[in-house]
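As provided, data_5.pdb (PDB, N, CA and C atoms) reads as follows.
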```
ATOM      1  N   MET A  25      99.913 217.465  69.631
ATOM      2  CA  MET A  25     101.066 216.587  69.630
ATOM      3  C   MET A  25     101.923 216.803  70.876
ATOM      4  N   ALA A  26     102.051 218.055  71.299
ATOM      5  CA  ALA A  26     102.857 218.352  72.482
ATOM      6  C   ALA A  26     102.242 217.725  73.727
ATOM      7  N   VAL A  27     100.907 217.641  73.762
ATOM      8  CA  VAL A  27     100.243 217.035  74.918
ATOM      9  C   VAL A  27     100.608 215.553  75.002
ATOM     10  N   LYS A  28     100.589 214.839  73.876
ATOM     11  CA  LYS A  28     100.942 213.422  73.877
ATOM     12  C   LYS A  28     102.397 213.231  74.284
ATOM     13  N   GLU A  29     103.268 214.082  73.776
ATOM     14  CA  GLU A  29     104.673 213.988  74.168
ATOM     15  C   GLU A  29     104.822 214.203  75.673
ATOM     16  N   GLY A  30     104.006 215.090  76.243
ATOM     17  CA  GLY A  30     104.021 215.318  77.686
ATOM     18  C   GLY A  30     103.536 214.114  78.472
ATOM     19  N   THR A  31     102.483 213.438  77.962
ATOM     20  CA  THR A  31     101.987 212.252  78.665
ATOM     21  C   THR A  31     103.006 211.123  78.611
ATOM     22  N   VAL A  32     103.681 210.980  77.475
ATOM     23  CA  VAL A  32     104.721 209.953  77.350
ATOM     24  C   VAL A  32     105.872 210.263  78.308
ATOM     25  N   ALA A  33     106.275 211.512  78.382
ATOM     26  CA  ALA A  33     107.354 211.903  79.298
ATOM     27  C   ALA A  33     106.956 211.596  80.738
ATOM     28  N   PHE A  34     105.702 211.889  81.109
ATOM     29  CA  PHE A  34     105.229 211.582  82.459
ATOM     30  C   PHE A  34     105.271 210.083  82.720
ATOM     31  N   GLU A  35     104.763 209.287  81.767
ATOM     32  CA  GLU A  35     104.716 207.836  81.947
ATOM     33  C   GLU A  35     106.109 207.247  82.126
ATOM     34  N   GLU A  36     107.113 207.858  81.542
ATOM     35  CA  GLU A  36     108.457 207.291  81.566
ATOM     36  C   GLU A  36     109.385 207.927  82.596
ATOM     37  N   THR A  37     108.900 208.895  83.367
ATOM     38  CA  THR A  37     109.744 209.600  84.327
ATOM     39  C   THR A  37     110.235 208.707  85.459
ATOM     40  N   THR A  38     109.337 207.911  86.031
ATOM     41  CA  THR A  38     109.715 207.008  87.124
ATOM     42  C   THR A  38     109.076 205.647  86.878
ATOM     43  N   PRO A  39     109.588 204.601  87.491
ATOM     44  CA  PRO A  39     108.964 203.282  87.326
ATOM     45  C   PRO A  39     107.493 203.279  87.762
ATOM     46  N   TYR A  40     107.162 204.050  88.791
ATOM     47  CA  TYR A  40     105.774 204.092  89.260
ATOM     48  C   TYR A  40     104.846 204.734  88.237
ATOM     49  N   ASN A  41     105.334 205.718  87.518
ATOM     50  CA  ASN A  41     104.509 206.379  86.511
ATOM     51  C   ASN A  41     104.165 205.449  85.356
ATOM     52  N   ARG A  42     104.934 204.393  85.182
ATOM     53  CA  ARG A  42     104.639 203.442  84.108
ATOM     54  C   ARG A  42     103.336 202.700  84.357
ATOM     55  N   LEU A  43     102.830 202.756  85.579
ATOM     56  CA  LEU A  43     101.536 202.135  85.884
ATOM     57  C   LEU A  43     100.378 202.903  85.253
ATOM     58  N   PHE A  44     100.609 204.145  84.891
ATOM     59  CA  PHE A  44      99.579 204.959  84.253
ATOM     60  C   PHE A  44      99.618 204.755  82.744
ATOM     61  N   ASP A  45      98.448 204.742  82.139
ATOM     62  CA  ASP A  45      98.331 204.674  80.680
ATOM     63  C   ASP A  45      97.480 205.867  80.270
ATOM     64  N   LEU A  46      98.146 206.969  79.949
ATOM     65  CA  LEU A  46      97.445 208.210  79.622
ATOM     66  C   LEU A  46      97.197 208.293  78.121
ATOM     67  N   ASP A  47      95.961 208.561  77.761
ATOM     68  CA  ASP A  47      95.594 208.679  76.355
ATOM     69  C   ASP A  47      95.259 210.116  76.012
ATOM     70  N   VAL A  48      95.528 210.490  74.779
ATOM     71  CA  VAL A  48      95.141 211.796  74.247
ATOM     72  C   VAL A  48      94.176 211.510  73.104
ATOM     73  N   LEU A  49      92.971 212.058  73.207
ATOM     74  CA  LEU A  49      91.961 211.841  72.183
ATOM     75  C   LEU A  49      91.940 213.013  71.216
ATOM     76  N   ILE A  50      91.845 212.695  69.935
ATOM     77  CA  ILE A  50      91.772 213.691  68.874
ATOM     78  C   ILE A  50      90.373 213.616  68.278
ATOM     79  N   LYS A  51      89.647 214.728  68.305
ATOM     80  CA  LYS A  51      88.296 214.755  67.749
ATOM     81  C   LYS A  51      88.364 215.181  66.292
ATOM     82  N   GLU A  52      87.742 214.379  65.454
ATOM     83  CA  GLU A  52      87.658 214.671  64.028
ATOM     84  C   GLU A  52      86.197 214.583  63.635
ATOM     85  N   GLY A  53      85.544 215.721  63.544
ATOM     86  CA  GLY A  53      84.112 215.730  63.259
ATOM     87  C   GLY A  53      83.343 215.132  64.412
ATOM     88  N   GLU A  54      82.571 214.100  64.125
ATOM     89  CA  GLU A  54      81.757 213.438  65.149
ATOM     90  C   GLU A  54      82.470 212.260  65.803
ATOM     91  N   THR A  55      83.665 211.940  65.349
ATOM     92  CA  THR A  55      84.394 210.801  65.902
ATOM     93  C   THR A  55      85.670 211.271  66.596
ATOM     94  N   ALA A  56      86.215 210.391  67.396
ATOM     95  CA  ALA A  56      87.478 210.681  68.085
ATOM     96  C   ALA A  56      88.343 209.422  68.047
ATOM     97  N   HIS A  57      89.640 209.614  68.067
ATOM     98  CA  HIS A  57      90.546 208.471  68.166
ATOM     99  C   HIS A  57      91.680 208.822  69.111
ATOM    100  N   SER A  58      92.273 207.787  69.680
ATOM    101  CA  SER A  58      93.382 207.959  70.601
ATOM    102  C   SER A  58      94.664 208.154  69.798
ATOM    103  N   LEU A  59      95.402 209.185  70.132
ATOM    104  CA  LEU A  59      96.672 209.461  69.461
ATOM    105  C   LEU A  59      97.701 208.450  69.965
ATOM    106  N   SER A  60      98.275 207.694  69.059
ATOM    107  CA  SER A  60      99.215 206.640  69.461
ATOM    108  C   SER A  60     100.645 207.159  69.460
ATOM    109  N   ARG A  61     101.492 206.451  70.174
ATOM    110  CA  ARG A  61     102.921 206.776  70.173
ATOM    111  C   ARG A  61     103.493 206.630  68.772
ATOM    112  N   GLY A  62     103.005 205.649  68.034
ATOM    113  CA  GLY A  62     103.492 205.404  66.689
ATOM    114  C   GLY A  62     103.251 206.578  65.750
ATOM    115  N   GLU A  63     102.147 207.295  65.959
ATOM    116  CA  GLU A  63     101.860 208.452  65.116
ATOM    117  C   GLU A  63     102.879 209.563  65.310
ATOM    118  N   LEU A  64     103.582 209.534  66.435
ATOM    119  CA  LEU A  64     104.617 210.532  66.721
ATOM    120  C   LEU A  64     106.015 209.939  66.597
ATOM    121  N   ASN A  65     106.102 208.739  66.053
ATOM    122  CA  ASN A  65     107.377 208.026  65.916
ATOM    123  C   ASN A  65     108.073 207.828  67.257
ATOM    124  N   LEU A  66     107.280 207.555  68.291
ATOM    125  CA  LEU A  66     107.810 207.267  69.621
ATOM    126  C   LEU A  66     107.773 205.761  69.852
ATOM    127  N   PRO A  67     108.656 205.237  70.693
ATOM    128  CA  PRO A  67     108.665 203.786  70.945
ATOM    129  C   PRO A  67     107.386 203.342  71.662
ATOM    130  N   VAL A  68     106.969 202.104  71.411
ATOM    131  CA  VAL A  68     105.781 201.565  72.061
ATOM    132  C   VAL A  68     106.058 201.332  73.535
ATOM    133  N   ARG A  69     104.987 201.309  74.335
ATOM    134  CA  ARG A  69     105.122 200.982  75.757
ATOM    135  C   ARG A  69     105.513 199.524  75.872
ATOM    136  N   THR A  70     106.264 199.202  76.908
ATOM    137  CA  THR A  70     106.646 197.807  77.125
ATOM    138  C   THR A  70     105.990 197.282  78.397
ATOM    139  N   CYS A  71     105.824 195.976  78.442
ATOM    140  CA  CYS A  71     105.255 195.302  79.601
ATOM    141  C   CYS A  71     106.230 195.430  80.777
ATOM    142  N   LEU A  72     105.710 195.727  81.953
ATOM    143  CA  LEU A  72     106.553 195.848  83.144
ATOM    144  C   LEU A  72     107.148 194.505  83.568
ATOM    145  N   ILE A  73     106.503 193.419  83.157
ATOM    146  CA  ILE A  73     106.938 192.095  83.597
ATOM    147  C   ILE A  73     107.909 191.456  82.613
ATOM    148  N   CYS A  74     107.531 191.431  81.326
ATOM    149  CA  CYS A  74     108.344 190.677  80.367
ATOM    150  C   CYS A  74     109.102 191.551  79.369
ATOM    151  N   GLY A  75     108.794 192.851  79.291
ATOM    152  CA  GLY A  75     109.524 193.747  78.410
ATOM    153  C   GLY A  75     109.064 193.763  76.962
ATOM    154  N   ARG A  76     108.094 192.912  76.613
ATOM    155  CA  ARG A  76     107.570 192.939  75.244
ATOM    156  C   ARG A  76     106.613 194.107  75.080
ATOM    157  N   PRO A  77     106.207 194.450  73.843
ATOM    158  CA  PRO A  77     105.240 195.538  73.653
ATOM    159  C   PRO A  77     104.028 195.329  74.549
ATOM    160  N   ALA A  78     103.552 196.399  75.185
ATOM    161  CA  ALA A  78     102.566 196.320  76.258
ATOM    162  C   ALA A  78     101.285 195.575  75.915
ATOM    163  N   GLY A  79     100.743 195.697  74.728
ATOM    164  CA  GLY A  79      99.502 195.012  74.394
ATOM    165  C   GLY A  79      99.661 193.518  74.197
ATOM    166  N   THR A  80     100.840 193.070  73.847
ATOM    167  CA  THR A  80     101.068 191.666  73.501
ATOM    168  C   THR A  80     100.841 190.707  74.676
ATOM    169  N   PRO A  81     101.448 190.922  75.850
ATOM    170  CA  PRO A  81     101.258 189.964  76.946
ATOM    171  C   PRO A  81      99.795 189.809  77.356
ATOM    172  N   SER A  82      99.050 190.910  77.384
ATOM    173  CA  SER A  82      97.653 190.809  77.791
ATOM    174  C   SER A  82      96.824 190.080  76.741
ATOM    175  N   GLN A  83      97.265 190.116  75.492
ATOM    176  CA  GLN A  83      96.531 189.436  74.434
ATOM    177  C   GLN A  83      96.805 187.938  74.422
ATOM    178  N   ASP A  84      98.014 187.539  74.760
ATOM    179  CA  ASP A  84      98.318 186.105  74.700
ATOM    180  C   ASP A  84      98.597 185.485  76.074
ATOM    181  N   PHE A  85      98.454 186.243  77.132
ATOM    182  CA  PHE A  85      98.568 185.761  78.505
ATOM    183  C   PHE A  85      99.897 185.087  78.828
ATOM    184  N   ARG A  86     100.985 185.553  78.232
ATOM    185  CA  ARG A  86     102.290 184.955  78.523
ATOM    186  C   ARG A  86     102.901 185.484  79.813
ATOM    187  N   SER A  87     102.587 186.725  80.167
ATOM    188  CA  SER A  87     103.144 187.260  81.401
ATOM    189  C   SER A  87     102.475 186.581  82.585
ATOM    190  N   GLU A  88     103.267 186.166  83.539
ATOM    191  CA  GLU A  88     102.729 185.510  84.720
ATOM    192  C   GLU A  88     103.164 186.266  85.963
ATOM    193  N   TRP A  89     102.226 186.489  86.863
ATOM    194  CA  TRP A  89     102.561 187.083  88.145
ATOM    195  C   TRP A  89     103.022 185.973  89.068
ATOM    196  N   ARG A  90     104.108 186.189  89.748
ATOM    197  CA  ARG A  90     104.613 185.200  90.694
ATOM    198  C   ARG A  90     104.583 185.820  92.090
ATOM    199  N   TYR A  91     103.968 185.107  93.017
ATOM    200  CA  TYR A  91     103.845 185.604  94.383
ATOM    201  C   TYR A  91     104.808 184.890  95.276
TER     202      TYR A  91
END
```
Take the structure in the file and write it out as C-alpha cells.
Amino acid sequence: MAVKEGTVAFEETTPYNRLFDLDVLIKEGETAHSLSRGELNLPVRTCLICGRPAGTPSQDFRSEWRY
C-alpha cells in the first residue's frame, strides 16, 4: 500500500509528473491485478485537458487537442 501511495505522490508532485501513469501490481496466487487509487480511498486521476476522471475522456473522445 505504501508503494502505491508513493506512486500517487510522485504523479501529483509536478504537472509534468502527471504524464506518468504508474501502476502497482498485486500478485494473488497465479493472477495479478493493478492496485487502484479507489482501493486506498484516494481521488481518481483527472484528465489534463478537461479535468474529468482520466479514463472517461479516452472512452468517449470528448477531449480535443487544439493546435
Exercise: residues within 10 Å of coordinate (96.1, 208.1, 67.1), counting only C-alpha atoms, as a ChimeraX atom specification | /A:28,47-50,56-64
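The two atoms in question, atom C of Ile73 (chain A) and CA of Leu46 (chain A), are spaced 20.0 Å apart.
One distance worth recording is that between atom N of Arg42 (chain A) and atom N of Leu66 (chain A), which is 17.3 Å.
Residues matched by the PyMOL selection byres (((chain A and resi 36 and name CA) around 12) and name CA) in this file are A:Glu29, A:Gly30, A:Thr31, A:Val32, A:Ala33, A:Phe34, A:Glu35, A:Thr37, A:Thr38, A:Pro39, A:Tyr40, A:Asn41, A:Arg42, A:Leu43, A:Phe44, A:Asp45, A:Leu46, A:Leu66, A:Pro67, A:Val68, A:Arg69, A:Thr70, A:Leu72.
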Would you please extract all alpha helix (DSSP H) residues from region 31-63 of chain A, as assigned by DSSP on the backbone, and give them as a ChimeraX atom specification?
-> /A:31-37
Take the residues from that selection and put them in a file with N, CA and C atoms, as a compact mmCIF listing (two decimals), in the coordinates of the input.
```txt
# COMPACT_ATOMS: atom_id res chain seq x y z
N THR A 31 102.48 213.44 77.96
CA THR A 31 101.99 212.25 78.67
C THR A 31 103.01 211.12 78.61
N VAL A 32 103.68 210.98 77.47
CA VAL A 32 104.72 209.95 77.35
C VAL A 32 105.87 210.26 78.31
N ALA A 33 106.28 211.51 78.38
CA ALA A 33 107.35 211.90 79.30
C ALA A 33 106.96 211.60 80.74
N PHE A 34 105.70 211.89 81.11
CA PHE A 34 105.23 211.58 82.46
C PHE A 34 105.27 210.08 82.72
N GLU A 35 104.76 209.29 81.77
CA GLU A 35 104.72 207.84 81.95
C GLU A 35 106.11 207.25 82.13
N GLU A 36 107.11 207.86 81.54
CA GLU A 36 108.46 207.29 81.57
C GLU A 36 109.38 207.93 82.60
N THR A 37 108.90 208.90 83.37
CA THR A 37 109.74 209.60 84.33
C THR A 37 110.24 208.71 85.46
```
Just the strand (DSSP E or B) stuff from chain A, please, per backbone DSSP, written as a VMD selection string.
-> chain A and resid 49 to 52 55 to 58 70 77
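Straight-line separation from CA of Ala26 (chain A) to atom N of Lys51 (chain A): 14.3 Å.
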Given 5 Å of margin on each side, can you work out the centre and size in Å (one decimal) of an axis-aligned box holding every listed atom of region 51-67 of chain A, as JSON?
```
{"center_x": 95.2, "center_y": 209.5, "center_z": 67.5, "size_x": 36.9, "size_y": 22.4, "size_z": 18.4}
```
